[in-house]
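Below is my_file_18.cif, holding mmCIF, C-alpha atoms (C1' of nucleotides).
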```
data_protein
#
loop_
_atom_site.group_PDB
_atom_site.id
_atom_site.type_symbol
_atom_site.label_atom_id
_atom_site.label_comp_id
_atom_site.auth_asym_id
_atom_site.auth_seq_id
_atom_site.Cartn_x
_atom_site.Cartn_y
_atom_site.Cartn_z
ATOM 1 C CA MET A 22 0.000 0.000 0.000
ATOM 2 C CA ARG A 23 1.267 3.454 -0.892
ATOM 3 C CA ILE A 24 -0.351 6.777 -0.014
ATOM 4 C CA THR A 25 0.491 10.448 -0.467
ATOM 5 C CA VAL A 26 1.336 12.248 2.751
ATOM 6 C CA PRO A 27 2.252 15.937 2.520
ATOM 7 C CA ASN A 28 3.738 17.632 5.594
ATOM 8 C CA PHE A 29 4.812 14.417 7.262
ATOM 9 C CA SER A 30 8.180 13.200 8.510
ATOM 10 C CA LEU A 31 8.176 9.551 9.518
ATOM 11 C CA LYS A 32 11.679 9.870 10.955
ATOM 12 C CA HIS A 33 10.969 12.866 13.165
ATOM 13 C CA THR A 34 7.667 11.413 14.319
ATOM 14 C CA LEU A 35 9.100 8.024 15.274
ATOM 15 C CA ASP A 36 12.210 9.515 16.838
ATOM 16 C CA SER A 37 10.435 11.943 19.177
ATOM 17 C CA GLY A 38 9.803 9.754 22.209
ATOM 18 C CA GLN A 39 6.129 8.952 21.709
ATOM 19 C CA PHE A 40 6.472 5.459 20.255
ATOM 20 C CA PHE A 41 8.853 2.712 21.325
ATOM 21 C CA ARG A 42 8.500 -0.637 19.561
ATOM 22 C CA TYR A 43 10.129 0.104 16.219
ATOM 23 C CA ARG A 44 13.503 -0.438 14.645
ATOM 24 C CA PRO A 45 15.158 0.500 11.363
ATOM 25 C CA LYS A 46 14.854 -2.160 8.702
ATOM 26 C CA GLY A 47 16.271 -1.652 5.215
ATOM 27 C CA ASP A 48 15.337 1.845 4.086
ATOM 28 C CA GLY A 49 12.354 1.964 6.458
ATOM 29 C CA TYR A 50 11.183 0.712 9.822
ATOM 30 C CA GLU A 51 9.595 -2.342 11.370
ATOM 31 C CA CYS A 52 6.886 -1.293 13.843
ATOM 32 C CA ARG A 53 4.816 -3.155 16.413
ATOM 33 C CA GLU A 54 1.692 -1.882 18.146
ATOM 34 C CA ARG A 55 -0.594 -4.159 20.177
ATOM 35 C CA ASP A 56 -1.139 -7.273 18.009
ATOM 36 C CA LEU A 57 0.081 -5.673 14.772
ATOM 37 C CA ALA A 58 3.506 -5.969 13.156
ATOM 38 C CA PHE A 59 4.058 -3.900 10.043
ATOM 39 C CA THR A 60 6.767 -2.201 8.007
ATOM 40 C CA VAL A 61 6.739 1.381 6.814
ATOM 41 C CA ARG A 62 9.014 3.607 4.773
ATOM 42 C CA GLN A 63 8.846 7.091 3.350
ATOM 43 C CA LYS A 64 10.161 8.651 0.165
ATOM 44 C CA GLY A 65 9.324 12.293 -0.271
ATOM 45 C CA ASP A 66 5.585 12.676 -0.037
ATOM 46 C CA TYR A 67 4.948 8.965 -0.375
ATOM 47 C CA LEU A 68 4.417 6.594 2.521
ATOM 48 C CA ALA A 69 4.588 2.876 1.781
ATOM 49 C CA PHE A 70 3.568 0.260 4.291
ATOM 50 C CA SER A 71 2.628 -3.387 4.560
ATOM 51 C CA GLY A 72 1.078 -5.370 7.370
ATOM 52 C CA THR A 73 -1.611 -2.892 8.319
ATOM 53 C CA SER A 74 -4.471 -0.927 6.788
ATOM 54 C CA GLU A 75 -4.443 2.600 5.429
ATOM 55 C CA GLU A 76 -7.014 3.551 8.055
ATOM 56 C CA HIS A 77 -4.769 2.368 10.893
ATOM 57 C CA ALA A 78 -1.653 3.993 9.436
ATOM 58 C CA ARG A 79 -3.491 7.294 9.039
ATOM 59 C CA GLN A 80 -4.732 7.226 12.603
ATOM 60 C CA LEU A 81 -1.476 6.029 14.156
ATOM 61 C CA PHE A 82 0.719 8.644 12.483
ATOM 62 C CA GLY A 83 -1.805 11.492 12.778
ATOM 63 C CA LEU A 84 -2.189 11.826 9.020
ATOM 64 C CA ASN A 85 -5.801 12.973 9.178
ATOM 65 C CA GLN A 86 -4.923 16.078 11.192
ATOM 66 C CA ASP A 87 -5.073 19.522 9.598
ATOM 67 C CA TYR A 88 -1.324 19.941 9.887
ATOM 68 C CA GLU A 89 -1.088 23.173 7.923
ATOM 69 C CA LYS A 90 -3.537 24.870 10.249
ATOM 70 C CA ILE A 91 -1.801 23.522 13.351
ATOM 71 C CA ILE A 92 1.578 24.777 12.144
ATOM 72 C CA ALA A 93 0.202 28.111 10.996
ATOM 73 C CA ASP A 94 -1.222 28.683 14.475
ATOM 74 C CA LEU A 95 1.961 27.655 16.279
ATOM 75 C CA LYS A 96 4.133 29.776 13.984
ATOM 76 C CA LYS A 97 2.457 32.883 15.367
ATOM 77 C CA ASP A 98 4.752 32.267 18.334
ATOM 78 C CA LYS A 99 8.204 33.185 17.060
ATOM 79 C CA THR A 100 9.951 31.346 19.905
ATOM 80 C CA LEU A 101 8.767 28.073 18.339
ATOM 81 C CA LEU A 102 10.086 28.825 14.850
ATOM 82 C CA PRO A 103 13.512 27.146 15.136
ATOM 83 C CA ALA A 104 11.968 23.863 16.317
ATOM 84 C CA ILE A 105 9.090 23.928 13.836
ATOM 85 C CA ASN A 106 11.322 24.727 10.881
ATOM 86 C CA LYS A 107 13.957 22.167 11.785
ATOM 87 C CA TYR A 108 11.499 19.353 12.453
ATOM 88 C CA HIS A 109 8.773 20.060 9.941
ATOM 89 C CA GLY A 110 6.521 17.049 9.543
ATOM 90 C CA LEU A 111 6.762 15.922 13.154
ATOM 91 C CA ARG A 112 3.280 14.832 14.175
ATOM 92 C CA ILE A 113 1.542 13.798 17.363
ATOM 93 C CA MET A 114 0.614 10.137 17.001
ATOM 94 C CA GLN A 115 -2.628 8.523 18.085
ATOM 95 C CA ARG A 116 -1.416 5.283 19.589
ATOM 96 C CA ASP A 117 -3.111 2.236 21.033
ATOM 97 C CA LEU A 118 -4.416 3.288 24.448
ATOM 98 C CA TRP A 119 -3.446 0.234 26.483
ATOM 99 C CA GLU A 120 0.100 -0.006 25.159
ATOM 100 C CA THR A 121 0.518 3.736 25.673
ATOM 101 C CA ILE A 122 -0.540 3.412 29.324
ATOM 102 C CA ILE A 123 2.114 0.784 29.996
ATOM 103 C CA SER A 124 4.740 2.644 27.928
ATOM 104 C CA PHE A 125 4.503 5.737 30.081
ATOM 105 C CA GLN A 126 4.315 3.858 33.355
ATOM 106 C CA CYS A 127 7.671 2.494 32.247
ATOM 107 C CA SER A 128 8.877 6.026 31.501
ATOM 108 C CA ILE A 129 8.969 7.053 35.183
ATOM 109 C CA MET A 130 12.512 8.207 35.991
ATOM 110 C CA SER A 131 13.800 6.324 32.952
ATOM 111 C CA ASN A 132 14.921 7.088 29.414
ATOM 112 C CA VAL A 133 13.689 6.359 25.902
ATOM 113 C CA LYS A 134 16.191 3.587 25.236
ATOM 114 C CA LYS A 135 15.245 1.741 28.383
ATOM 115 C CA ILE A 136 11.497 2.155 27.823
ATOM 116 C CA ARG A 137 12.040 0.474 24.468
ATOM 117 C CA LEU A 138 13.861 -2.374 26.198
ATOM 118 C CA ASN A 139 11.033 -2.733 28.763
ATOM 119 C CA MET A 140 8.286 -2.797 26.139
ATOM 120 C CA ASN A 141 9.998 -5.241 23.789
ATOM 121 C CA CYS A 142 10.707 -7.529 26.732
ATOM 122 C CA LEU A 143 7.110 -7.423 28.021
ATOM 123 C CA ALA A 144 5.869 -8.339 24.538
ATOM 124 C CA THR A 145 8.299 -11.253 24.368
ATOM 125 C CA GLU A 146 7.592 -12.380 27.928
ATOM 126 C CA PHE A 147 3.786 -12.222 27.904
ATOM 127 C CA GLY A 148 2.570 -11.787 24.321
ATOM 128 C CA LYS A 149 2.013 -14.402 21.669
ATOM 129 C CA ASN A 150 4.395 -14.015 18.695
ATOM 130 C CA ASN A 151 5.476 -10.537 19.793
ATOM 131 C CA ALA A 152 1.984 -9.102 20.209
ATOM 132 C CA PHE A 153 1.753 -6.837 23.206
ATOM 133 C CA PRO A 154 -0.187 -8.586 26.008
ATOM 134 C CA ALA A 155 -3.827 -7.570 26.427
ATOM 135 C CA PRO A 156 -5.130 -6.154 29.727
ATOM 136 C CA GLY A 157 -5.247 -9.008 32.247
ATOM 137 C CA GLN A 158 -2.407 -10.993 30.667
ATOM 138 C CA MET A 159 0.486 -9.531 32.673
ATOM 139 C CA ASN A 160 -0.457 -11.142 35.982
ATOM 140 C CA ASP A 161 2.939 -12.102 37.379
ATOM 141 C CA LEU A 162 4.964 -9.509 39.274
ATOM 142 C CA GLU A 163 8.240 -11.417 39.089
ATOM 143 C CA ARG A 164 7.992 -11.880 35.338
ATOM 144 C CA ILE A 165 7.219 -8.171 34.907
ATOM 145 C CA LYS A 166 10.339 -7.424 36.947
ATOM 146 C CA LYS A 167 12.421 -9.639 34.670
ATOM 147 C CA CYS A 168 11.972 -6.958 32.024
ATOM 148 C CA ALA A 169 14.089 -4.465 34.025
ATOM 149 C CA THR A 170 10.987 -2.560 35.126
ATOM 150 C CA GLY A 171 12.197 -2.354 38.745
ATOM 151 C CA PHE A 172 9.925 -0.405 41.103
ATOM 152 C CA ARG A 173 7.520 0.225 38.196
ATOM 153 C CA ALA A 174 6.540 -3.448 38.044
ATOM 154 C CA LYS A 175 3.899 -3.069 40.766
ATOM 155 C CA TYR A 176 2.322 -0.181 38.828
ATOM 156 C CA ILE A 177 2.115 -2.262 35.650
ATOM 157 C CA LEU A 178 0.555 -5.119 37.586
ATOM 158 C CA ALA A 179 -2.022 -2.750 39.125
ATOM 159 C CA ALA A 180 -2.958 -1.321 35.711
ATOM 160 C CA ASN A 181 -3.267 -4.844 34.375
ATOM 161 C CA GLU A 182 -5.761 -5.667 37.129
ATOM 162 C CA LEU A 183 -7.722 -2.429 36.980
ATOM 163 C CA VAL A 184 -8.091 -1.960 33.214
ATOM 164 C CA ASP A 185 -10.179 -3.965 30.756
ATOM 165 C CA GLU A 186 -11.471 -3.308 27.241
ATOM 166 C CA LYS A 187 -14.625 -1.620 28.537
ATOM 167 C CA TRP A 188 -12.571 0.709 30.705
ATOM 168 C CA LEU A 189 -10.497 1.662 27.655
ATOM 169 C CA LEU A 190 -13.570 2.368 25.527
ATOM 170 C CA ARG A 191 -15.086 4.571 28.206
ATOM 171 C CA LEU A 192 -11.856 6.553 28.545
ATOM 172 C CA GLN A 193 -11.747 7.221 24.813
ATOM 173 C CA LYS A 194 -15.112 8.951 25.006
ATOM 174 C CA MET A 195 -14.126 11.345 27.805
ATOM 175 C CA ASN A 196 -12.909 14.906 27.354
ATOM 176 C CA TYR A 197 -9.359 15.857 28.315
ATOM 177 C CA GLU A 198 -9.997 16.795 31.943
ATOM 178 C CA HIS A 199 -12.093 13.714 32.728
ATOM 179 C CA ALA A 200 -9.728 11.328 30.970
ATOM 180 C CA ARG A 201 -6.795 12.830 32.870
ATOM 181 C CA GLU A 202 -8.519 12.347 36.221
ATOM 182 C CA LYS A 203 -9.583 8.814 35.397
ATOM 183 C CA LEU A 204 -6.062 7.850 34.332
ATOM 184 C CA MET A 205 -4.684 9.158 37.623
ATOM 185 C CA GLU A 206 -6.732 6.561 39.487
ATOM 186 C CA ILE A 207 -4.210 3.987 38.243
ATOM 187 C CA PRO A 208 -1.187 3.536 40.529
ATOM 188 C CA GLY A 209 1.943 4.902 38.893
ATOM 189 C CA ILE A 210 0.053 7.539 36.926
ATOM 190 C CA ALA A 211 0.122 11.168 38.074
ATOM 191 C CA GLU A 212 -0.071 14.441 36.133
ATOM 192 C CA LYS A 213 2.862 13.982 33.783
ATOM 193 C CA VAL A 214 2.200 10.397 32.726
ATOM 194 C CA ALA A 215 -1.540 11.065 32.398
ATOM 195 C CA ASP A 216 -0.753 13.982 30.085
ATOM 196 C CA CYS A 217 1.499 11.817 27.918
ATOM 197 C CA ILE A 218 -1.299 9.282 27.504
ATOM 198 C CA CYS A 219 -3.874 12.003 26.770
ATOM 199 C CA LEU A 220 -1.559 13.522 24.172
ATOM 200 C CA PHE A 221 -0.100 10.475 22.415
ATOM 201 C CA SER A 222 -3.154 8.231 22.409
ATOM 202 C CA LEU A 223 -6.349 10.173 23.008
ATOM 203 C CA GLY A 224 -5.755 13.121 20.685
ATOM 204 C CA HIS A 225 -6.032 15.726 23.443
ATOM 205 C CA PHE A 226 -3.586 18.289 22.090
ATOM 206 C CA ALA A 227 -4.210 20.571 25.061
ATOM 207 C CA ALA A 228 -2.315 18.134 27.300
ATOM 208 C CA PHE A 229 1.144 19.435 28.247
ATOM 209 C CA PRO A 230 3.418 16.847 29.863
ATOM 210 C CA VAL A 231 6.264 18.438 31.833
ATOM 211 C CA ASP A 232 9.377 16.274 32.117
ATOM 212 C CA VAL A 233 12.964 17.272 32.927
ATOM 213 C CA TRP A 234 13.669 18.307 29.321
ATOM 214 C CA ILE A 235 10.599 20.523 29.052
ATOM 215 C CA GLU A 236 11.340 21.970 32.472
ATOM 216 C CA ARG A 237 14.843 22.962 31.392
ATOM 217 C CA ILE A 238 13.924 24.529 28.073
ATOM 218 C CA MET A 239 10.814 26.301 29.410
ATOM 219 C CA GLU A 240 12.649 27.837 32.343
ATOM 220 C CA LYS A 241 15.475 28.928 30.073
ATOM 221 C CA THR A 242 13.220 30.378 27.366
ATOM 222 C CA TYR A 243 10.331 31.894 29.297
ATOM 223 C CA PHE A 244 11.294 32.170 32.982
ATOM 224 C CA ASP A 245 14.730 33.798 32.936
ATOM 225 C CA SER A 246 16.310 30.437 33.863
ATOM 226 C CA LYS A 247 14.535 30.496 37.229
ATOM 227 C CA LYS A 248 13.341 27.307 38.910
ATOM 228 C CA THR A 249 9.594 27.055 38.263
ATOM 229 C CA LYS A 250 6.989 24.575 39.477
ATOM 230 C CA HIS A 251 5.627 22.113 36.956
ATOM 231 C CA ASN A 252 2.073 23.293 37.464
ATOM 232 C CA ASP A 253 3.121 26.863 36.696
ATOM 233 C CA LEU A 254 4.928 25.729 33.537
ATOM 234 C CA ARG A 255 1.809 23.850 32.461
ATOM 235 C CA ALA A 256 -0.483 26.790 33.189
ATOM 236 C CA PHE A 257 1.845 29.080 31.222
ATOM 237 C CA ALA A 258 1.778 26.700 28.258
ATOM 238 C CA GLN A 259 -1.986 26.361 28.215
ATOM 239 C CA GLU A 260 -2.370 30.116 28.440
ATOM 240 C CA ARG A 261 0.113 30.672 25.609
ATOM 241 C CA TRP A 262 -0.763 27.811 23.233
ATOM 242 C CA GLY A 263 -4.232 26.740 24.351
ATOM 243 C CA GLU A 264 -5.628 23.714 22.548
ATOM 244 C CA LEU A 265 -2.276 23.190 20.810
ATOM 245 C CA ALA A 266 -0.086 23.226 23.932
ATOM 246 C CA GLY A 267 0.788 19.557 23.486
ATOM 247 C CA TYR A 268 1.911 20.112 19.902
ATOM 248 C CA ALA A 269 4.134 22.968 21.024
ATOM 249 C CA GLN A 270 5.503 20.707 23.753
ATOM 250 C CA GLN A 271 6.437 17.999 21.257
ATOM 251 C CA PHE A 272 8.425 20.408 19.098
ATOM 252 C CA LEU A 273 10.182 21.841 22.151
ATOM 253 C CA TYR A 274 10.966 18.390 23.526
ATOM 254 C CA HIS A 275 12.290 17.006 20.263
ATOM 255 C CA HIS A 276 14.330 20.124 19.602
ATOM 256 C CA ALA A 277 15.782 20.160 23.106
ATOM 257 C CA ARG A 278 16.894 16.538 22.885
ATOM 258 C CA HIS A 279 18.512 16.857 19.472
ATOM 259 C CA ASN A 280 20.111 20.271 19.697
ATOM 260 C CA GLU A 281 23.557 20.820 21.199
ATOM 261 C CA SER A 282 22.766 24.286 22.536
ATOM 262 C CA THR A 283 19.916 23.004 24.675
ATOM 263 C CA GLN A 284 21.684 20.005 26.198
ATOM 264 C CA PRO A 285 22.004 20.121 30.001
ATOM 265 C "C1'" DA B 298 32.876 4.663 39.628
ATOM 266 C "C1'" DT B 299 29.350 8.349 39.535
ATOM 267 C "C1'" DC B 300 25.512 10.475 37.413
ATOM 268 C "C1'" DC B 301 21.283 10.749 34.832
ATOM 269 C "C1'" DA B 302 16.895 9.361 32.763
ATOM 270 C "C1'" DG B 303 9.694 11.727 29.152
ATOM 271 C "C1'" DG B 304 8.301 10.839 38.011
ATOM 272 C "C1'" DA B 305 5.232 8.846 41.552
ATOM 273 C "C1'" DA B 306 4.364 7.711 46.252
ATOM 274 C "C1'" DT B 307 5.502 8.375 50.803
ATOM 275 C "C1'" DT B 308 7.460 10.715 54.659
ATOM 276 C "C1'" DT B 309 9.077 14.727 56.865
ATOM 277 C "C1'" DT B 310 9.176 19.573 57.679
ATOM 278 C "C1'" DA C 176 0.894 22.899 51.839
ATOM 279 C "C1'" DA C 177 5.424 22.375 50.501
ATOM 280 C "C1'" DA C 178 9.781 20.262 50.540
ATOM 281 C "C1'" DA C 179 12.713 16.121 51.004
ATOM 282 C "C1'" DT C 180 13.329 11.166 50.452
ATOM 283 C "C1'" DT C 181 12.757 6.685 48.473
ATOM 284 C "C1'" DC C 182 12.231 3.697 44.728
ATOM 285 C "C1'" DA C 183 15.529 0.254 40.587
ATOM 286 C "C1'" DT C 184 18.281 -0.143 36.620
ATOM 287 C "C1'" DG C 185 20.609 0.288 31.967
ATOM 288 C "C1'" DG C 186 23.704 3.289 29.752
ATOM 289 C "C1'" DA C 187 27.130 6.943 29.326
#
```

Rewritten as structure tokens:
Amino acid sequence: MRITVPNFSLKHTLDSGQFFRYRPKGDGYECRERDLAFTVRQKGDYLAFSGTSEEHARQLFGLNQDYEKIIADLKKDKTLLPAINKYHGLRIMQRDLWETIISFQCSIMSNVKKIRLNMNCLATEFGKNNAFPAPGQMNDLERIKKCATGFRAKYILAANELVDEKWLLRLQKMNYEHAREKLMEIPGIAEKVADCICLFSLGHFAAFPVDVWIERIMEKTYFDSKKTKHNDLRAFAQERWGELAGYAQQFLYHHARHNESTQP
DNA sequence: ATCCAGGAATTTT
DNA sequence: AAAATTCATGGA
């Protein structure tokens, strides 16, 4: 299957810390999400993939979004221009909800490389032929710990017990504020992780996750390098970028991690 | 070896 | 209410 995709960068999107089970293969990538395994590659404005449907690819990579309007709005803020211009085509994905929940429980005080290790291991340990285990299938604390999840293992186990398919469907119908609150009922999910799930799976672009990278670049850019509370950073972002705060966050995050001048 | 990583929960001031 | 401490582990 091959489709035309203007204003999209597969590389920037995959490499921006929202998606973890993928690896380069040939001139493209091999991706896994829940029970799907598929390959995808991009040449110019063409996206070629096999192993999944066009509908799924469009949803997963955010290809149905009005990208030109999103970027036009964000470009009104000149402080975002370097990141937007350098990483044009970076999109917010709309990932599988359950796998996203576990991904960002794993993210607590960790790093992207290790989250990838955790997720691949959980799929190997519990899933059938590399599918990610469904809710209810990760019911062994010691085996969860074998995947280097450490103190996060008990959170994953709790989510596995609390969540089922009905729970997931209900969450997908909630607005941002309600979904955020509901997610925080799960052990191991507080503001930041809930915002990541709202942003990368539920399409709530108002969500603004504040991690150490965002904290650094926000304080440096907008707060005269002064230590600022996460809630104040989040309030500032939602005041400044409104319903697109999460999109602004993703450009800032990706730019901070890949730019020498913004390294710690 | 020492320090850090897409923080949350708990305990202590 | 706010600040400090604890929690595990791979990688640099």

>> Between A:Ala215, A:Val133, A:Ile210, A:Met239, which residue has the minimum interatomic distance to chain C, considering all atoms listed in the file?
In response: A:Val133

Quick one: contact table of chain B to chain A, 12 Å max, nearest atom pair and distance in Å to one decimal per residue, counting only C-alpha atoms (C1' of nucleotides), chain and number order, as a tab-separated table?
```
residue	atom	partner	partner_atom	distance
B:DC301	C1'	A:Ser131	CA	8.9
B:DA302	C1'	A:Ser131	CA	4.3
B:DG303	C1'	A:Asp232	CA	5.4
B:DG304	C1'	A:Ile129	CA	4.8
B:DA305	C1'	A:Gly209	CA	5.8
B:DA306	C1'	A:Gly209	CA	8.2
```

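Computed from the coordinates, the atom CA of Leu138 of chain A to atom CA of Lys167 of chain A distance equals 11.3 Å.
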
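Residue-level contacts from chain C to chain A at 12 Å, counting only C-alpha atoms (C1' of nucleotides), read C:DA177, C:DT181, C:DC182, C:DA183, C:DT184, C:DG185, C:DG186.
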
Padding of 3 Å on every side, edges along x, y and z, all listed atoms of segment 179-182 of chain C included: what centre and edge lengths in Å, to one decimal, does that box have, as JSON?
```
{"center_x": 12.8, "center_y": 9.9, "center_z": 47.9, "size_x": 7.1, "size_y": 18.4, "size_z": 12.3}
```

> So how far away is atom CA of Arg55 of chain A from atom CA of Glu186 of chain A, in Å?
Replying inline: 13.0 Å

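The set of residues that the PyMOL selection byres ((chain A and resi 24-36) around 7) takes from this file is Met22, Arg23, Ser37, Gly38, Phe40, Gln63, Asp66, Tyr67, Leu68, Ala69, Tyr108, Gly110, Leu111 and Arg112 of chain A.
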
> How far is it from atom CA of Glu76 of chain A to atom CA of Phe59 of chain A, in Å with one decimal?
Replying inline: 13.5 Å

> Exactly which residues make up the result of the PyMOL selection byres ((chain A and resi 82) around 8) on this file, given as a PyMOL selection string?
Replying inline: chain A and resi 34+78-81+83-84+112-115

Can you write just those residues out, C-alpha atoms, as a tab-separated table (two decimals), in the frame of the given file?
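Full text of selection-v4.tsv as output:
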```tsv
chain	number	residue	atom	x	y	z
A	34	THR	CA	7.67	11.41	14.32
A	78	ALA	CA	-1.65	3.99	9.44
A	79	ARG	CA	-3.49	7.29	9.04
A	80	GLN	CA	-4.73	7.23	12.60
A	81	LEU	CA	-1.48	6.03	14.16
A	83	GLY	CA	-1.80	11.49	12.78
A	84	LEU	CA	-2.19	11.83	9.02
A	112	ARG	CA	3.28	14.83	14.18
A	113	ILE	CA	1.54	13.80	17.36
A	114	MET	CA	0.61	10.14	17.00
A	115	GLN	CA	-2.63	8.52	18.08
```

> the PyMOL selection byres ((chain C and resi 178) around 12) on the file shown: which residues, as a PyMOL selection string?
Replying inline: (chain B and resi 308-310) or (chain C and resi 176-177+179-180)

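Every protein or nucleic acid residue with an atom no more than 8 Å from segment 150-155 of chain A, counting all atoms listed in the file and leaving out same-chain residues fewer than 4 positions away, appears here: Arg53, Glu54, Arg55, Asp56, Leu57, Ala58, Trp119, Glu120, Leu143, Ala144, Thr145 and Met159 of chain A.
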